[in-house]
$ cat query_3.cif   # mmCIF, C-alpha atoms
data_upload
#
loop_
_atom_site.label_atom_id
_atom_site.label_comp_id
_atom_site.auth_asym_id
_atom_site.auth_seq_id
_atom_site.Cartn_x
_atom_site.Cartn_y
_atom_site.Cartn_z
CA MET A 1275 -7.22 6.82 -11.83
CA ALA A 1276 -8.93 3.74 -10.37
CA GLU A 1277 -10.15 4.04 -6.79
CA GLN A 1278 -9.82 0.37 -5.98
CA ILE A 1279 -8.09 -2.80 -7.09
CA ALA A 1280 -9.84 -4.49 -10.01
CA TRP A 1281 -9.96 -7.98 -8.54
CA GLU A 1282 -10.84 -11.00 -10.61
CA GLU A 1283 -12.86 -13.55 -8.67
CA ASN A 1284 -11.95 -16.58 -10.74
CA LEU A 1285 -8.42 -17.94 -11.22
CA GLU A 1286 -9.10 -19.31 -14.69
CA THR A 1287 -10.28 -15.89 -15.83
CA ALA A 1288 -7.21 -14.31 -14.26
CA LYS A 1289 -4.89 -16.78 -16.01
CA SER A 1290 -6.51 -16.10 -19.37
CA ARG A 1291 -6.12 -12.36 -18.85
CA ALA A 1292 -2.51 -12.87 -17.77
CA LEU A 1293 -1.65 -14.73 -20.95
CA LYS A 1294 -3.44 -12.18 -23.11
CA GLU A 1295 -1.90 -9.16 -21.39
CA ASP A 1296 1.53 -10.77 -20.77
CA LYS A 1297 1.33 -10.16 -17.01
CA PRO A 1298 1.78 -12.33 -13.92
CA VAL A 1299 -1.12 -13.36 -11.68
CA PHE A 1300 -1.32 -12.15 -8.09
CA LEU A 1301 -3.42 -14.64 -6.13
CA ASP A 1302 -4.63 -13.59 -2.67
CA PHE A 1303 -6.12 -16.26 -0.42
CA TYR A 1304 -8.01 -14.27 2.18
CA ASN A 1305 -10.23 -14.86 5.16
CA PRO A 1306 -13.58 -13.17 4.50
CA GLY A 1307 -14.16 -13.31 8.25
CA MET B 1145 -4.96 -5.76 4.13
CA ASP B 1146 -8.39 -4.27 3.44
CA LYS B 1147 -7.94 -1.47 5.98
CA VAL B 1148 -4.37 -0.40 5.25
CA THR B 1149 -2.73 -1.85 2.17
CA TYR B 1150 -5.31 -2.38 -0.56
CA PRO B 1151 -6.84 1.14 -0.26
CA ALA B 1152 -3.41 2.77 -0.68
CA ALA B 1153 -3.17 4.69 -3.96
CA GLU B 1154 0.29 3.35 -4.80
CA VAL B 1155 -0.92 -0.22 -4.33
CA ILE B 1156 -4.06 0.30 -6.44
CA ASN B 1157 -2.04 1.82 -9.26
CA PHE B 1158 0.71 -0.80 -9.15
CA VAL B 1159 -1.61 -3.80 -8.97
CA ASN B 1160 -4.00 -2.59 -11.66
CA GLU B 1161 -1.17 -1.72 -14.04
CA ARG B 1162 1.38 -4.46 -13.54
CA ILE B 1163 -0.38 -7.72 -12.64
CA VAL B 1164 -3.70 -9.53 -12.82
CA PRO B 1165 -5.11 -9.68 -9.27
CA VAL B 1166 -7.46 -12.44 -8.20
CA ARG B 1167 -8.90 -12.95 -4.73
CA VAL B 1168 -10.45 -16.15 -3.41
CA PRO B 1169 -11.53 -17.27 0.08
CA TYR B 1170 -8.93 -19.35 1.90
CA ASP B 1171 -11.19 -22.42 1.99
CA GLN B 1172 -12.41 -22.39 -1.59
CA LYS B 1173 -12.10 -25.84 -3.11
CA PRO B 1174 -10.21 -27.13 -4.97
CA LEU B 1175 -7.79 -24.17 -4.94
CA ALA B 1176 -7.19 -24.24 -1.19
CA GLU B 1177 -6.03 -27.84 -1.40
CA GLU B 1178 -4.05 -27.34 -4.60
CA PHE B 1179 -2.08 -24.50 -3.03
CA GLN B 1180 -1.99 -26.09 0.45
CA VAL B 1181 -3.34 -22.99 2.16
CA LYS B 1182 -2.53 -23.19 5.89
CA TRP B 1183 -2.75 -19.54 6.95
CA THR B 1184 -3.94 -16.21 5.65
CA PRO B 1185 -3.31 -13.89 4.06
CA LEU B 1186 -1.38 -16.00 1.56
CA PHE B 1187 -0.10 -14.33 -1.60
CA VAL B 1188 1.05 -16.35 -4.60
CA ILE B 1189 2.65 -15.14 -7.82
CA LEU B 1190 1.74 -17.31 -10.80
CA ASP B 1191 2.32 -17.20 -14.51
CA GLY B 1192 -0.50 -17.38 -17.01
CA ASN B 1193 -0.23 -21.15 -17.10
CA GLY B 1194 -0.87 -21.34 -13.36
CA GLU B 1195 2.68 -22.24 -12.37
CA GLU B 1196 3.72 -20.86 -8.96
CA HIS B 1197 6.92 -18.81 -8.73
CA HIS B 1198 6.75 -17.09 -5.33
CA ARG B 1199 4.59 -17.00 -2.21
CA SER B 1200 4.38 -14.97 0.99
CA THR B 1201 2.30 -15.41 4.13
CA GLY B 1202 1.14 -12.68 6.52
CA PHE B 1203 0.19 -8.99 6.46
CA LEU B 1204 2.26 -6.68 4.28
CA ALA B 1205 2.17 -2.88 4.35
CA PRO B 1206 2.07 -1.12 0.95
CA TYR B 1207 5.86 -0.76 0.64
CA GLU B 1208 6.34 -4.43 1.50
CA LEU B 1209 3.53 -5.72 -0.71
CA ILE B 1210 4.75 -3.93 -3.83
CA SER B 1211 8.34 -5.05 -3.28
CA MET B 1212 7.24 -8.63 -2.61
CA ILE B 1213 5.23 -8.68 -5.86
CA LEU B 1214 8.17 -7.25 -7.81
CA LEU B 1215 10.42 -9.94 -6.34
CA GLY B 1216 7.90 -12.58 -7.38
CA MET B 1217 7.73 -11.12 -10.88
CA GLY B 1218 11.51 -11.18 -11.06
CA LYS B 1219 11.57 -14.83 -10.02
CA LEU B 1220 8.87 -15.67 -12.56
CA TYR B 1221 10.88 -14.12 -15.40
CA PHE B 1222 14.06 -15.75 -14.07
CA ASP B 1223 12.34 -19.14 -14.15
CA HIS B 1224 11.23 -18.39 -17.71
CA GLU B 1225 14.85 -17.45 -18.57
CA ALA B 1226 13.68 -13.95 -19.54
CA PHE B 1227 16.66 -12.52 -17.71
CA ASN B 1228 16.39 -8.91 -18.86
CA ARG B 1229 12.78 -8.74 -17.68
CA ALA B 1230 13.82 -10.35 -14.41
CA ILE B 1231 16.60 -7.81 -13.95
CA ASP B 1232 14.22 -4.90 -14.58
CA CYS B 1233 11.85 -6.09 -11.82
CA LEU B 1234 14.63 -6.92 -9.38
CA ASP B 1235 16.32 -3.58 -10.00
CA GLU B 1236 13.05 -1.89 -9.06
CA VAL B 1237 13.16 -3.65 -5.68
CA VAL B 1238 16.83 -2.88 -5.10
CA ASP B 1239 16.58 0.76 -6.20
CA ASN B 1240 13.12 1.76 -4.95
CA TYR B 1241 12.48 -0.53 -1.96
CA PRO B 1242 15.93 -1.08 -0.39
CA GLU B 1243 14.55 -1.31 3.14
CA SER B 1244 11.97 -3.97 2.28
CA GLY B 1245 12.09 -7.56 3.39
CA ALA B 1246 12.26 -8.57 -0.27
CA ALA B 1247 15.36 -6.52 -1.06
CA PRO B 1248 18.12 -8.99 -0.02
CA GLU B 1249 16.60 -11.84 -2.04
CA ALA B 1250 16.15 -9.43 -4.96
CA VAL B 1251 19.84 -8.54 -4.79
CA TYR B 1252 20.70 -12.24 -4.89
CA TYR B 1253 18.46 -13.01 -7.87
CA ARG B 1254 19.63 -9.81 -9.60
CA GLY B 1255 23.15 -11.21 -9.46
CA VAL B 1256 22.16 -14.66 -10.64
CA SER B 1257 20.05 -13.24 -13.48
CA GLY B 1258 22.94 -11.03 -14.56
CA TYR B 1259 25.26 -14.02 -14.57
CA LYS B 1260 22.81 -16.19 -16.51
CA ASP B 1261 22.30 -13.38 -19.03
CA SER B 1262 25.95 -12.50 -19.55
CA GLY B 1263 27.87 -15.64 -18.63
CA LYS B 1264 30.24 -13.42 -16.66
CA PRO B 1265 30.86 -13.63 -12.90
CA GLU B 1266 30.77 -9.90 -12.18
CA PRO B 1267 27.03 -9.76 -11.37
CA LEU B 1268 27.49 -12.52 -8.79
CA LYS B 1269 30.43 -10.73 -7.25
CA ASP B 1270 28.46 -7.48 -7.18
CA ALA B 1271 25.54 -9.24 -5.50
CA PHE B 1272 27.79 -10.65 -2.81
CA ALA B 1273 29.39 -7.25 -2.18
CA THR B 1274 26.01 -5.53 -1.93
CA LEU B 1275 24.62 -8.16 0.42
CA ARG B 1276 27.78 -8.06 2.58
CA ASP B 1277 27.70 -4.27 2.81
CA LYS B 1278 23.94 -3.60 3.12
CA TYR B 1279 22.44 -6.77 4.56
CA PRO B 1280 25.31 -8.59 6.31
CA GLU B 1281 23.07 -10.50 8.75
CA ASN B 1282 20.54 -11.60 6.15
CA GLU B 1283 20.37 -15.23 5.07
CA TRP B 1284 20.86 -14.20 1.41
CA ALA B 1285 24.24 -12.74 2.29
CA LYS B 1286 25.22 -16.14 3.60
CA ARG B 1287 23.91 -17.89 0.49
CA ALA B 1288 25.96 -15.53 -1.69
CA ALA B 1289 29.16 -16.05 0.32
CA PRO B 1290 30.73 -18.48 -2.21
CA TYR B 1291 30.65 -15.73 -4.85
CA LYS B 1292 33.43 -13.87 -3.03
CA LEU B 1293 35.75 -16.60 -4.30
CA LEU B 1294 35.01 -15.90 -7.97
#
$ encode --input "query_3.cif" --output "structure tokens"
Amino acid sequence: MAEQIAWEENLETAKSRALKEDKPVFLDFYNPG
Amino acid sequence: MDKVTYPAAEVINFVNERIVPVRVPYDQKPLAEEFQVKWTPLFVILDGNGEEHHRSTGFLAPYELISMILLGMGKLYFDHEAFNRAIDCLDEVVDNYPESGAAPEAVYYRGVSGYKDSGKPEPLKDAFATLRDKYPENEWAKRAAPYKLL
């Protein structure tokens, strides 16, 4: 069981994974503060 | 989000299993301009081609985040005319997160997806009845009002 979310840091990488794994992309724009 | 929602076990499991999560600073160019980021946190559900299907602004607790993502997934599959996949996601919201902010819209899109899949009006009528009975003051109940005439 993972202990944290496995974030991608690059949208293009996330899109490629999404197509390969047949999943949607969840994009979080955040304020790193 | 980092203190409350993202460390929650149910969120970690859901996100890692069901979607591809990506996190970028709100001012990262050119994405911030492409998505017209005005406030954070901003969550966007995209397909693998980068097309946007749903967005939400502001903090969400675990229950609300998972239901919002499921709604976005349902809308993505609806847009792709994969109605059975849409219905599966929307049913998860309706059945497992009925008190969430996403639930009324999920009921609406559940009805529309059922209609588009079957060509029959019953899913629309069911959606109206559910919205009238469970969420009578919600805007989606008003949007479904014409379906009572079917």
$ residues_around --input "query_3.cif" --residues "range 1292-1302 of chain A" --least-positions-apart "3" --cutoff "9 Å" --atoms "all atoms listed in the file" --output "PyMOL selection string"
(chain A and resi 1285+1287-1289) or (chain B and resi 1159+1162-1170+1184-1194+1213+1216-1217+1220)
$ resolve_selection --input "query_3.cif" --expression "the PyMOL selection byres ((chain B and resi 1234-1236) around 8)" --output "ChimeraX atom specification"
/B:1214-1215,1218,1230-1233,1237-1241,1250-1251,1253-1254
$ atom_distance --input "query_3.cif" --atom1 "CA of Trp1183 in chain B" --atom2 "CA of Val1155 in chain B"
22.4 Å
$ residues_around --input "query_3.cif" --residues "range 1273-1282 of chain B" --least-positions-apart "6" --cutoff "8 Å" --atoms "all atoms listed in the file" --output "PyMOL selection string"
chain B and resi 1248+1251-1252+1288+1292
$ residues_around --input "query_3.cif" --residues "Gln1278 in chain A" --least-positions-apart "4" --cutoff "10 Å" --atoms "only C-alpha atoms" --output "list in words"
Tyr1150, Pro1151, Ala1152, Ala1153, Val1155, Ile1156, Asn1157, Val1159 and Asn1160 of chain B
$ closest_residue --input "query_3.cif" --among "B:His1198, B:Glu1208, B:Phe1203, B:Pro1174" --to "Met1145 in chain B" --atoms "only C-alpha atoms"
B:Phe1203
$ closest_residue --input "query_3.cif" --among "B:Lys1286, B:Lys1173, B:Pro1265, B:Val1181" --to "chain A" --atoms "only C-alpha atoms"
B:Val1181
$ decode --input "query_3.cif" --residues "range 1160-1290 of chain B" --atoms "C-alpha atoms" --output "PDB file, in the first residue's frame"
ATOM      1  CA  ASN B1160      -2.913   6.038  -7.356  1.00  0.00           C
ATOM      2  CA  GLU B1161      -5.291   3.380  -8.656  1.00  0.00           C
ATOM      3  CA  ARG B1162      -7.813   5.285 -10.734  1.00  0.00           C
ATOM      4  CA  ILE B1163      -6.146   8.324 -12.323  1.00  0.00           C
ATOM      5  CA  VAL B1164      -2.787   9.778 -13.318  1.00  0.00           C
ATOM      6  CA  PRO B1165      -2.036  12.653 -10.919  1.00  0.00           C
ATOM      7  CA  VAL B1166       0.171  15.554 -11.939  1.00  0.00           C
ATOM      8  CA  ARG B1167       0.977  18.608  -9.853  1.00  0.00           C
ATOM      9  CA  VAL B1168       2.357  21.893 -11.153  1.00  0.00           C
ATOM     10  CA  PRO B1169       2.832  25.334  -9.558  1.00  0.00           C
ATOM     11  CA  TYR B1170       0.009  27.762 -10.288  1.00  0.00           C
ATOM     12  CA  ASP B1171       2.308  30.136 -12.193  1.00  0.00           C
ATOM     13  CA  GLN B1172       4.154  27.611 -14.333  1.00  0.00           C
ATOM     14  CA  LYS B1173       4.220  28.766 -17.941  1.00  0.00           C
ATOM     15  CA  PRO B1174       2.737  28.041 -20.382  1.00  0.00           C
ATOM     16  CA  LEU B1175       0.264  25.812 -18.503  1.00  0.00           C
ATOM     17  CA  ALA B1176      -1.004  28.548 -16.188  1.00  0.00           C
ATOM     18  CA  GLU B1177      -1.996  30.663 -19.172  1.00  0.00           C
ATOM     19  CA  GLU B1178      -3.387  27.750 -21.169  1.00  0.00           C
ATOM     20  CA  PHE B1179      -5.684  26.790 -18.304  1.00  0.00           C
ATOM     21  CA  GLN B1180      -6.346  30.402 -17.237  1.00  0.00           C
ATOM     22  CA  VAL B1181      -5.420  29.747 -13.621  1.00  0.00           C
ATOM     23  CA  LYS B1182      -6.885  32.533 -11.450  1.00  0.00           C
ATOM     24  CA  TRP B1183      -6.966  30.905  -8.012  1.00  0.00           C
ATOM     25  CA  THR B1184      -5.663  27.858  -6.210  1.00  0.00           C
ATOM     26  CA  PRO B1185      -6.068  25.076  -5.608  1.00  0.00           C
ATOM     27  CA  LEU B1186      -7.450  24.422  -9.080  1.00  0.00           C
ATOM     28  CA  PHE B1187      -8.196  20.833 -10.081  1.00  0.00           C
ATOM     29  CA  VAL B1188      -8.726  19.846 -13.708  1.00  0.00           C
ATOM     30  CA  ILE B1189      -9.759  16.482 -15.131  1.00  0.00           C
ATOM     31  CA  LEU B1190      -8.272  15.834 -18.562  1.00  0.00           C
ATOM     32  CA  ASP B1191      -8.174  12.962 -20.987  1.00  0.00           C
ATOM     33  CA  GLY B1192      -4.950  11.564 -22.355  1.00  0.00           C
ATOM     34  CA  ASN B1193      -5.086  13.986 -25.255  1.00  0.00           C
ATOM     35  CA  GLY B1194      -5.120  16.937 -22.864  1.00  0.00           C
ATOM     36  CA  GLU B1195      -8.766  17.863 -23.395  1.00  0.00           C
ATOM     37  CA  GLU B1196     -10.433  19.334 -20.293  1.00  0.00           C
ATOM     38  CA  HIS B1197     -13.687  17.770 -19.062  1.00  0.00           C
ATOM     39  CA  HIS B1198     -14.182  19.147 -15.548  1.00  0.00           C
ATOM     40  CA  ARG B1199     -12.623  21.636 -13.133  1.00  0.00           C
ATOM     41  CA  SER B1200     -13.045  22.653  -9.505  1.00  0.00           C
ATOM     42  CA  THR B1201     -11.545  25.501  -7.488  1.00  0.00           C
ATOM     43  CA  GLY B1202     -10.920  25.571  -3.731  1.00  0.00           C
ATOM     44  CA  PHE B1203     -10.083  23.178  -0.893  1.00  0.00           C
ATOM     45  CA  LEU B1204     -11.800  19.799  -0.887  1.00  0.00           C
ATOM     46  CA  ALA B1205     -11.836  17.321   2.002  1.00  0.00           C
ATOM     47  CA  PRO B1206     -11.187  13.656   1.111  1.00  0.00           C
ATOM     48  CA  TYR B1207     -14.866  12.755   0.636  1.00  0.00           C
ATOM     49  CA  GLU B1208     -15.383  15.782  -1.598  1.00  0.00           C
ATOM     50  CA  LEU B1209     -12.183  15.335  -3.601  1.00  0.00           C
ATOM     51  CA  ILE B1210     -12.882  11.700  -4.481  1.00  0.00           C
ATOM     52  CA  SER B1211     -16.472  12.447  -5.460  1.00  0.00           C
ATOM     53  CA  MET B1212     -15.401  15.456  -7.539  1.00  0.00           C
ATOM     54  CA  ILE B1213     -12.846  13.323  -9.414  1.00  0.00           C
ATOM     55  CA  LEU B1214     -15.431  10.599 -10.033  1.00  0.00           C
ATOM     56  CA  LEU B1215     -17.826  13.217 -11.391  1.00  0.00           C
ATOM     57  CA  GLY B1216     -15.083  14.495 -13.686  1.00  0.00           C
ATOM     58  CA  MET B1217     -14.328  10.968 -14.853  1.00  0.00           C
ATOM     59  CA  GLY B1218     -18.015  10.445 -15.553  1.00  0.00           C
ATOM     60  CA  LYS B1219     -18.153  13.638 -17.601  1.00  0.00           C
ATOM     61  CA  LEU B1220     -15.013  12.633 -19.504  1.00  0.00           C
ATOM     62  CA  TYR B1221     -16.527   9.281 -20.479  1.00  0.00           C
ATOM     63  CA  PHE B1222     -19.840  10.982 -21.276  1.00  0.00           C
ATOM     64  CA  ASP B1223     -18.035  13.380 -23.614  1.00  0.00           C
ATOM     65  CA  HIS B1224     -16.331  10.390 -25.223  1.00  0.00           C
ATOM     66  CA  GLU B1225     -19.762   8.714 -25.597  1.00  0.00           C
ATOM     67  CA  ALA B1226     -18.550   5.805 -23.456  1.00  0.00           C
ATOM     68  CA  PHE B1227     -21.842   5.851 -21.614  1.00  0.00           C
ATOM     69  CA  ASN B1228     -21.479   2.635 -19.641  1.00  0.00           C
ATOM     70  CA  ARG B1229     -18.148   3.793 -18.232  1.00  0.00           C
ATOM     71  CA  ALA B1230     -19.710   7.163 -17.441  1.00  0.00           C
ATOM     72  CA  ILE B1231     -22.606   5.487 -15.649  1.00  0.00           C
ATOM     73  CA  ASP B1232     -20.232   3.360 -13.557  1.00  0.00           C
ATOM     74  CA  CYS B1233     -18.367   6.454 -12.303  1.00  0.00           C
ATOM     75  CA  LEU B1234     -21.512   8.487 -11.727  1.00  0.00           C
ATOM     76  CA  ASP B1235     -23.159   5.611  -9.875  1.00  0.00           C
ATOM     77  CA  GLU B1236     -20.164   5.550  -7.543  1.00  0.00           C
ATOM     78  CA  VAL B1237     -20.821   9.198  -6.671  1.00  0.00           C
ATOM     79  CA  VAL B1238     -24.559   8.690  -6.238  1.00  0.00           C
ATOM     80  CA  ASP B1239     -24.225   5.485  -4.212  1.00  0.00           C
ATOM     81  CA  ASN B1240     -21.076   6.136  -2.155  1.00  0.00           C
ATOM     82  CA  TYR B1241     -20.920   9.940  -1.824  1.00  0.00           C
ATOM     83  CA  PRO B1242     -24.570  11.061  -1.694  1.00  0.00           C
ATOM     84  CA  GLU B1243     -23.839  13.979   0.634  1.00  0.00           C
ATOM     85  CA  SER B1244     -21.072  15.413  -1.543  1.00  0.00           C
ATOM     86  CA  GLY B1245     -21.274  18.604  -3.511  1.00  0.00           C
ATOM     87  CA  ALA B1246     -20.756  16.564  -6.675  1.00  0.00           C
ATOM     88  CA  ALA B1247     -23.733  14.269  -6.106  1.00  0.00           C
ATOM     89  CA  PRO B1248     -26.552  16.364  -7.661  1.00  0.00           C
ATOM     90  CA  GLU B1249     -24.608  16.949 -10.882  1.00  0.00           C
ATOM     91  CA  ALA B1250     -23.720  13.244 -10.926  1.00  0.00           C
ATOM     92  CA  VAL B1251     -27.407  12.351 -10.676  1.00  0.00           C
ATOM     93  CA  TYR B1252     -28.121  14.653 -13.620  1.00  0.00           C
ATOM     94  CA  TYR B1253     -25.364  13.226 -15.817  1.00  0.00           C
ATOM     95  CA  ARG B1254     -26.302   9.687 -14.729  1.00  0.00           C
ATOM     96  CA  GLY B1255     -29.748  10.321 -16.173  1.00  0.00           C
ATOM     97  CA  VAL B1256     -28.454  11.868 -19.378  1.00  0.00           C
ATOM     98  CA  SER B1257     -25.920   9.066 -19.869  1.00  0.00           C
ATOM     99  CA  GLY B1258     -28.630   6.472 -19.338  1.00  0.00           C
ATOM    100  CA  TYR B1259     -30.824   8.196 -21.903  1.00  0.00           C
ATOM    101  CA  LYS B1260     -28.002   8.488 -24.437  1.00  0.00           C
ATOM    102  CA  ASP B1261     -27.128   4.815 -23.912  1.00  0.00           C
ATOM    103  CA  SER B1262     -30.657   3.427 -24.118  1.00  0.00           C
ATOM    104  CA  GLY B1263     -32.614   5.983 -26.128  1.00  0.00           C
ATOM    105  CA  LYS B1264     -35.359   5.684 -23.520  1.00  0.00           C
ATOM    106  CA  PRO B1265     -36.640   8.519 -21.317  1.00  0.00           C
ATOM    107  CA  GLU B1266     -36.788   6.578 -18.053  1.00  0.00           C
ATOM    108  CA  PRO B1267     -33.259   7.508 -16.894  1.00  0.00           C
ATOM    109  CA  LEU B1268     -34.092  11.192 -17.335  1.00  0.00           C
ATOM    110  CA  LYS B1269     -37.313  10.799 -15.407  1.00  0.00           C
ATOM    111  CA  ASP B1270     -35.490   8.909 -12.662  1.00  0.00           C
ATOM    112  CA  ALA B1271     -32.863  11.650 -12.461  1.00  0.00           C
ATOM    113  CA  PHE B1272     -35.517  14.317 -12.082  1.00  0.00           C
ATOM    114  CA  ALA B1273     -37.304  12.328  -9.367  1.00  0.00           C
ATOM    115  CA  THR B1274     -34.074  11.754  -7.439  1.00  0.00           C
ATOM    116  CA  LEU B1275     -33.056  15.395  -7.666  1.00  0.00           C
ATOM    117  CA  ARG B1276     -36.545  16.559  -6.637  1.00  0.00           C
ATOM    118  CA  ASP B1277     -36.623  14.209  -3.652  1.00  0.00           C
ATOM    119  CA  LYS B1278     -33.002  14.419  -2.420  1.00  0.00           C
ATOM    120  CA  TYR B1279     -31.694  17.765  -3.621  1.00  0.00           C
ATOM    121  CA  PRO B1280     -34.771  19.943  -4.250  1.00  0.00           C
ATOM    122  CA  GLU B1281     -32.946  23.267  -3.758  1.00  0.00           C
ATOM    123  CA  ASN B1282     -29.967  22.376  -5.917  1.00  0.00           C
ATOM    124  CA  GLU B1283     -29.494  24.015  -9.302  1.00  0.00           C
ATOM    125  CA  TRP B1284     -29.347  20.581 -10.988  1.00  0.00           C
ATOM    126  CA  ALA B1285     -32.878  19.867  -9.804  1.00  0.00           C
ATOM    127  CA  LYS B1286     -33.969  22.994 -11.625  1.00  0.00           C
ATOM    128  CA  ARG B1287     -32.077  22.014 -14.768  1.00  0.00           C
ATOM    129  CA  ALA B1288     -33.774  18.601 -14.725  1.00  0.00           C
ATOM    130  CA  ALA B1289     -37.261  20.069 -14.249  1.00  0.00           C
ATOM    131  CA  PRO B1290     -38.281  19.646 -17.930  1.00  0.00           C
TER     132      PRO B1290
END
